[in-house]
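Structure file model-v5.pdb; described as PDB, C-alpha atoms.
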ATOM      1  CA  MET A 416     247.447  70.862  28.372
ATOM      2  CA  LYS A 417     243.985  72.208  27.633
ATOM      3  CA  GLY A 418     242.610  70.274  30.655
ATOM      4  CA  CYS A 419     245.222  71.866  32.932
ATOM      5  CA  LEU A 420     244.245  75.338  31.736
ATOM      6  CA  VAL A 421     240.548  74.622  32.309
ATOM      7  CA  ALA A 422     241.285  73.179  35.770
ATOM      8  CA  GLY A 423     243.528  76.158  36.559
ATOM      9  CA  GLY A 424     240.836  78.570  35.350
ATOM     10  CA  ILE A 425     238.190  76.847  37.476
ATOM     11  CA  LEU A 426     240.505  76.882  40.499
ATOM     12  CA  LEU A 427     241.256  80.567  39.934
ATOM     13  CA  LEU A 428     237.527  81.297  39.644
ATOM     14  CA  LEU A 429     236.800  79.405  42.902
ATOM     15  CA  VAL A 430     239.559  81.308  44.712
ATOM     16  CA  ALA A 431     238.189  84.599  43.366
ATOM     17  CA  VAL A 432     234.624  83.734  44.443
ATOM     18  CA  ALA A 433     235.843  82.654  47.900
ATOM     19  CA  GLY A 434     237.873  85.860  48.207
ATOM     20  CA  LEU A 435     234.872  87.966  47.235
ATOM     21  CA  TYR A 436     232.714  86.096  49.766
ATOM     22  CA  VAL A 437     235.209  86.678  52.582
ATOM     23  CA  MET A 438     235.540  90.333  51.574
ATOM     24  CA  GLY A 439     231.744  90.688  51.611
ATOM     25  CA  VAL A 440     231.530  89.077  55.047
ATOM     26  CA  TYR A 441     234.258  91.366  56.396
ATOM     27  CA  ASN A 442     232.626  94.478  54.914
ATOM     28  CA  GLY A 443     229.283  93.403  56.384
ATOM     29  CA  PHE A 444     230.809  93.203  59.853
ATOM     30  CA  VAL A 445     232.465  96.597  59.406
ATOM     31  CA  ALA A 446     229.118  98.110  58.405
ATOM     32  CA  LYS A 447     227.290  96.518  61.369
ATOM     33  CA  GLU A 448     230.021  97.637  63.748
ATOM     34  CA  GLU A 449     229.730 101.207  62.478
ATOM     35  CA  VAL A 450     225.958 101.120  62.994
ATOM     36  CA  CYS A 451     226.610 100.051  66.606
ATOM     37  CA  ASN A 452     229.168 102.844  67.009
ATOM     38  CA  GLN A 453     226.694 105.407  65.661
ATOM     39  CA  ALA A 454     223.945 104.109  67.932
ATOM     40  CA  TRP A 455     226.282 104.403  70.919
ATOM     41  CA  ALA A 456     227.232 107.936  69.858
ATOM     42  CA  ASN A 457     223.516 108.799  69.899
ATOM     43  CA  VAL A 458     223.224 107.387  73.437
ATOM     44  CA  GLU A 459     226.242 109.431  74.507
ATOM     45  CA  SER A 460     224.764 112.545  72.941
ATOM     46  CA  VAL A 461     221.592 112.382  75.025
ATOM     47  CA  LEU A 462     223.550 111.343  78.116
ATOM     48  CA  GLN A 463     225.717 114.435  77.575
ATOM     49  CA  ARG A 464     222.563 116.537  77.374
ATOM     50  CA  ARG A 465     221.494 115.163  80.765
ATOM     51  CA  PHE A 466     225.042 115.666  82.040
ATOM     52  CA  ASP A 467     224.818 119.348  81.054
ATOM     53  CA  LEU A 468     221.383 119.843  82.699
ATOM     54  CA  ILE A 469     222.340 118.355  86.061
ATOM     55  CA  PRO A 470     224.313 121.314  87.502
ATOM     56  CA  ASN A 471     221.387 123.679  86.859
ATOM     57  CA  LEU A 472     218.934 121.247  88.393
ATOM     58  CA  VAL A 473     221.123 120.596  91.435
ATOM     59  CA  ASN A 474     221.742 124.325  92.035
ATOM     60  CA  THR A 475     218.027 125.046  91.832
ATOM     61  CA  VAL A 476     217.220 122.276  94.301
ATOM     62  CA  LYS A 477     220.066 123.322  96.631
ATOM     63  CA  GLY A 478     218.353 126.596  97.371
ATOM     64  CA  TYR A 479     215.271 124.816  98.648
ATOM     65  CA  ALA A 480     216.565 121.546 100.042
ATOM     66  CA  ALA A 481     219.800 122.365 101.810
ATOM     67  CA  HIS A 482     219.419 119.471 104.264
ATOM     68  CA  GLU A 483     219.203 116.924 101.394
ATOM     69  CA  LYS A 484     222.923 117.299 100.915
ATOM     70  CA  GLY A 485     223.628 113.565 100.552
ATOM     71  CA  VAL A 486     221.367 113.098  97.536
ATOM     72  CA  LEU A 487     222.733 116.233  95.871
ATOM     73  CA  GLU A 488     226.324 115.175  96.502
ATOM     74  CA  GLU A 489     225.648 111.735  95.029
ATOM     75  CA  VAL A 490     224.211 113.244  91.849
ATOM     76  CA  VAL A 491     227.205 115.571  91.517
ATOM     77  CA  ARG A 492     229.661 112.714  92.215
ATOM     78  CA  LEU A 493     228.064 110.450  89.592
ATOM     79  CA  ARG A 494     227.984 113.281  87.072
ATOM     80  CA  SER A 495     231.718 113.675  87.612
ATOM     81  CA  GLN A 496     232.288 109.924  87.231
ATOM     82  CA  TRP A 497     230.379 109.915  83.946
ATOM     83  CA  GLY A 498     232.614 112.680  82.661
ATOM     84  CA  GLU A 499     235.682 110.624  83.565
ATOM     85  CA  ALA A 500     234.429 107.315  82.126
ATOM     86  CA  LYS A 501     236.298 106.242  78.982
ATOM     87  CA  THR A 502     234.614 103.122  77.609
ATOM     88  CA  PRO A 503     230.981 102.608  76.625
ATOM     89  CA  GLU A 504     230.669  99.995  79.380
ATOM     90  CA  GLN A 505     231.952 102.419  82.042
ATOM     91  CA  LYS A 506     229.690 105.201  80.803
ATOM     92  CA  ALA A 507     226.681 102.869  80.689
ATOM     93  CA  GLY A 508     227.335 101.722  84.266
ATOM     94  CA  VAL A 509     227.632 105.257  85.619
ATOM     95  CA  ALA A 510     224.597 106.397  83.604
ATOM     96  CA  SER A 511     222.537 103.613  85.166
ATOM     97  CA  MET A 512     223.629 104.633  88.663
ATOM     98  CA  LEU A 513     222.843 108.251  87.778
ATOM     99  CA  ASP A 514     219.324 107.169  86.775
ATOM    100  CA  GLY A 515     218.742 105.982  90.345
ATOM    101  CA  ALA A 516     220.278 109.079  91.906
ATOM    102  CA  LEU A 517     218.131 111.373  89.768
ATOM    103  CA  GLY A 518     215.086 109.337  90.765
ATOM    104  CA  ARG A 519     215.949 109.871  94.435
ATOM    105  CA  LEU A 520     216.421 113.586  93.724
ATOM    106  CA  MET A 521     212.935 113.767  92.221
ATOM    107  CA  VAL A 522     211.522 112.044  95.323
ATOM    108  CA  VAL A 523     213.194 114.739  97.449
ATOM    109  CA  VAL A 524     211.642 117.426  95.254
ATOM    110  CA  GLU A 525     208.174 116.069  96.055
ATOM    111  CA  SER A 526     208.684 117.242  99.650
ATOM    112  CA  TYR A 527     209.122 120.875  98.604
ATOM    113  CA  PRO A 528     205.901 122.333  97.150
ATOM    114  CA  GLU A 529     207.496 125.768  96.749
ATOM    115  CA  LEU A 530     210.281 124.206  94.674
ATOM    116  CA  LYS A 531     207.801 122.352  92.486
ATOM    117  CA  ALA A 532     206.097 125.704  91.782
ATOM    118  CA  ASN A 533     209.355 127.503  90.850
ATOM    119  CA  GLN A 534     209.321 128.294  87.103
ATOM    120  CA  ASN A 535     213.059 127.660  86.684
ATOM    121  CA  PHE A 536     212.721 124.276  88.315
ATOM    122  CA  ILE A 537     209.652 123.390  86.245
ATOM    123  CA  ALA A 538     211.523 124.261  83.037
ATOM    124  CA  LEU A 539     214.563 122.224  84.122
ATOM    125  CA  GLN A 540     212.394 119.297  85.164
ATOM    126  CA  ASP A 541     210.642 119.343  81.777
ATOM    127  CA  GLU A 542     214.003 119.432  79.991
ATOM    128  CA  LEU A 543     215.241 116.535  82.109
ATOM    129  CA  ALA A 544     212.067 114.519  81.498
ATOM    130  CA  GLY A 545     212.416 115.047  77.748
ATOM    131  CA  THR A 546     216.062 114.073  77.939
ATOM    132  CA  GLU A 547     215.244 110.914  79.906
ATOM    133  CA  ASN A 548     212.748 109.939  77.197
ATOM    134  CA  ARG A 549     215.405 110.499  74.533
ATOM    135  CA  ILE A 550     217.873 108.413  76.534
ATOM    136  CA  SER A 551     215.363 105.577  76.709
ATOM    137  CA  VAL A 552     214.734 105.686  72.957
ATOM    138  CA  GLU A 553     218.437 105.800  72.098
ATOM    139  CA  ARG A 554     219.214 102.955  74.522
ATOM    140  CA  GLN A 555     216.576 100.832  72.817
ATOM    141  CA  ARG A 556     217.990 101.655  69.391
ATOM    142  CA  TYR A 557     221.506 100.887  70.570
ATOM    143  CA  ASN A 558     220.436  97.556  72.060
ATOM    144  CA  ALA A 559     218.627  96.635  68.829
ATOM    145  CA  THR A 560     221.736  97.340  66.739
ATOM    146  CA  VAL A 561     223.929  95.462  69.211
ATOM    147  CA  GLN A 562     221.580  92.491  69.053
ATOM    148  CA  GLU A 563     221.706  92.440  65.253
ATOM    149  CA  TYR A 564     225.502  92.753  65.312
ATOM    150  CA  ASN A 565     225.908  90.052  67.976
ATOM    151  CA  VAL A 566     223.710  87.623  66.048
ATOM    152  CA  ALA A 567     225.815  88.215  62.933
ATOM    153  CA  VAL A 568     229.055  87.721  64.875
ATOM    154  CA  ARG A 569     227.867  84.487  66.485
ATOM    155  CA  LYS A 570     226.120  82.775  63.522
ATOM    156  CA  MET A 571     228.024  80.271  61.446
ATOM    157  CA  PRO A 572     229.765  80.286  59.045
ATOM    158  CA  ARG A 573     230.213  84.050  59.323
ATOM    159  CA  GLY A 574     230.985  83.753  63.030
ATOM    160  CA  PHE A 575     234.183  81.942  62.124
ATOM    161  CA  PHE A 576     235.267  84.899  59.994
ATOM    162  CA  ALA A 577     234.141  87.363  62.676
ATOM    163  CA  ARG A 578     236.514  85.787  65.198
ATOM    164  CA  LEU A 579     239.235  85.530  62.569
ATOM    165  CA  PHE A 580     238.994  89.267  61.853
ATOM    166  CA  GLY A 581     238.631  90.287  65.523
ATOM    167  CA  PHE A 582     234.928  91.186  65.603
ATOM    168  CA  ASN A 583     233.624  90.361  69.078
ATOM    169  CA  VAL A 584     230.237  90.338  70.759
ATOM    170  CA  ARG A 585     229.281  93.728  72.222
ATOM    171  CA  ALA A 586     227.533  94.328  75.535
ATOM    172  CA  PRO A 587     224.042  95.826  75.414
ATOM    173  CA  PHE A 588     223.114  98.772  77.609
ATOM    174  CA  GLU A 589     221.644  97.239  80.759
ATOM    175  CA  ALA A 590     220.025  98.781  83.805
ATOM    176  CA  ALA A 591     222.063  98.983  86.984
ATOM    177  CA  GLN A 592     221.546  96.467  89.752
ATOM    178  CA  GLY A 593     218.445  97.442  91.754
ATOM    179  CA  ALA A 594     217.023  99.712  89.034
ATOM    180  CA  GLU A 595     213.757  97.782  89.142
ATOM    181  CA  SER A 596     213.049  99.206  92.629
ATOM    182  CA  ALA A 597     211.583 102.654  93.141
ATOM    183  CA  PRO A 598     213.959 105.157  94.753
ATOM    184  CA  VAL A 599     213.451 105.564  98.502
ATOM    185  CA  VAL A 600     214.337 108.692 100.442
ATOM    186  CA  ALA A 601     213.801 108.727 104.175
ATOM    187  CA  PHE A 602     213.375 111.957 106.133
TER     188      PHE A 602
END

Could you render the structure as structure tokens?
Amino acid sequence: MKGCLVAGGILLLLVAVAGLYVMGVYNGFVAKEEVCNQAWANVESVLQRRFDLIPNLVNTVKGYAAHEKGVLEEVVRLRSQWGEAKTPEQKAGVASMLDGALGRLMVVVESYPELKANQNFIALQDELAGTENRISVERQRYNATVQEYNVAVRKMPRGFFARLFGFNVRAPFEAAQGAESAPVVAF
């Protein structure tokens, strides 16, 4: 009888330890997922800042570069698409395309010395440059947190529990196709 109680106590202790381990693993994934969510929110925050600057920049350029309508329309169209995007993947894709369009816009600006000397444009360009730097920093932070999360989700034995509880690998923020090439604007 005493042996059954000891065996039962040991079994109960093992079940409790296993339960605590699984709970710790689950809570670890929740914490890592929340860090990824916060990092993405930071990316969205600086993308929103750029989103808010674009109309002022476009309107300033419009006054000087009326015949560059195609580039301006593309920037406005992509800004609208970013506003309509719902998922982080959609927003990241549109943001990458917007990077290229803004690069082409800056190439257009180079052709207008009077625009480059306009104080409003200079202030907007400085704001946009600062915002682009912030976007780069936040993208790097997001990708670092996603990497840490993805490693945790894929490593064994915790990876087994990750799949069991529905924690999946997340996509990092990647540059759009062709982003490695400098923007080209032909006149």

Legend entry - Evaluate the PyMOL selection byres ((chain A and resi 445) around 12) and report residues as a list in words: Met438, Gly439, Val440, Tyr441, Asn442, Gly443, Phe444, Ala446, Lys447, Glu448, Glu449, Val450, Cys451, Asn452, Tyr564, Ala567, Val568, Ala577, Phe580, Gly581, Phe582 and Asn583 of chain A

Inset, instruction - Rounded to one decimal place, report the CA of Ser526 (chain A)-CA of Val491 (chain A) distance in Å. - result: 20.3 Å

Inset, instruction - Kindly give the distance, in Å, that separates CA of Lys501 (chain A) and CA of Thr475 (chain A), rounded to a single decimal. - result: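 These atoms are spaced 29.2 Å apart.
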
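One distance worth recording is that between CA of Leu427 (chain A) and CA of Met571 (chain A), which is 25.3 Å.
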
Inset, instruction - Report the residues retrieved by the PyMOL selection byres ((chain A and resi 559) around 12) from the displayed file, expressed as an MDAnalysis selection string. - result: chainID A and resid 447 450:451 454:455 552:558 560:566 585:588

Inset, instruction - Considering all atoms listed in the file, state which residue in the set A:Glu459, A:Ala516, A:Asn471, A:Asn535 is at the smallest distance from Gly485 (chain A). - result: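 For Gly485 (chain A), the nearest of the given residues is A:Ala516.
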
Inset, instruction - Take the PyMOL selection byres ((chain A and resi 467-469) around 10), apply it to the structure above, and return the hits as JSON, numbers by chain. - result: {"A": [461, 462, 463, 464, 465, 466, 470, 471, 472, 473, 474, 475, 490, 491, 494, 517, 539, 540, 542, 543, 546]}

Deliver the residues from the most recent selection as a file, using C-alpha atoms, as a CSV table (one decimal), keeping the file's coordinate frame.
chain,number,residue,atom,x,y,z
A,461,VAL,CA,221.6,112.4,75.0
A,462,LEU,CA,223.6,111.3,78.1
A,463,GLN,CA,225.7,114.4,77.6
A,464,ARG,CA,222.6,116.5,77.4
A,465,ARG,CA,221.5,115.2,80.8
A,466,PHE,CA,225.0,115.7,82.0
A,470,PRO,CA,224.3,121.3,87.5
A,471,ASN,CA,221.4,123.7,86.9
A,472,LEU,CA,218.9,121.2,88.4
A,473,VAL,CA,221.1,120.6,91.4
A,474,ASN,CA,221.7,124.3,92.0
A,475,THR,CA,218.0,125.0,91.8
A,490,VAL,CA,224.2,113.2,91.8
A,491,VAL,CA,227.2,115.6,91.5
A,494,ARG,CA,228.0,113.3,87.1
A,517,LEU,CA,218.1,111.4,89.8
A,539,LEU,CA,214.6,122.2,84.1
A,540,GLN,CA,212.4,119.3,85.2
A,542,GLU,CA,214.0,119.4,80.0
A,543,LEU,CA,215.2,116.5,82.1
A,546,THR,CA,216.1,114.1,77.9

Inset, instruction - Using all atoms listed in the file, find the one residue out of A:Asn533, A:Ser460, A:Ser511, A:Gln505 that sits nearest to Val476 (chain A). - result: A:Asn533

Draw an axis-aligned box tight on the listed atoms of region 438-457 of chain A, then pad every side by 4 Å and write out centre and edge lengths in Å to one decimal as lines of an AutoDock Vina configuration file.
center_x = 229.5
center_y = 98.9
center_z = 61.2
size_x = 20.0
size_y = 27.7
size_z = 27.3

Distance query 7 Å from (224.2, 100.6, 83.1) using only C-alpha atoms, result as a CSV table (one decimal) with C-alpha atoms, in the frame of the given file:
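The result, stored in selection_15.csv:
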chain,number,residue,atom,x,y,z
A,507,ALA,CA,226.7,102.9,80.7
A,508,GLY,CA,227.3,101.7,84.3
A,509,VAL,CA,227.6,105.3,85.6
A,510,ALA,CA,224.6,106.4,83.6
A,511,SER,CA,222.5,103.6,85.2
A,512,MET,CA,223.6,104.6,88.7
A,588,PHE,CA,223.1,98.8,77.6
A,589,GLU,CA,221.6,97.2,80.8
A,590,ALA,CA,220.0,98.8,83.8
A,591,ALA,CA,222.1,99.0,87.0

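Compared by their closest atoms to Leu579 (chain A), and using all atoms listed in the file, the residues A:Ile550, A:Asp514, A:Tyr527, A:Val437 rank with A:Val437 nearest.
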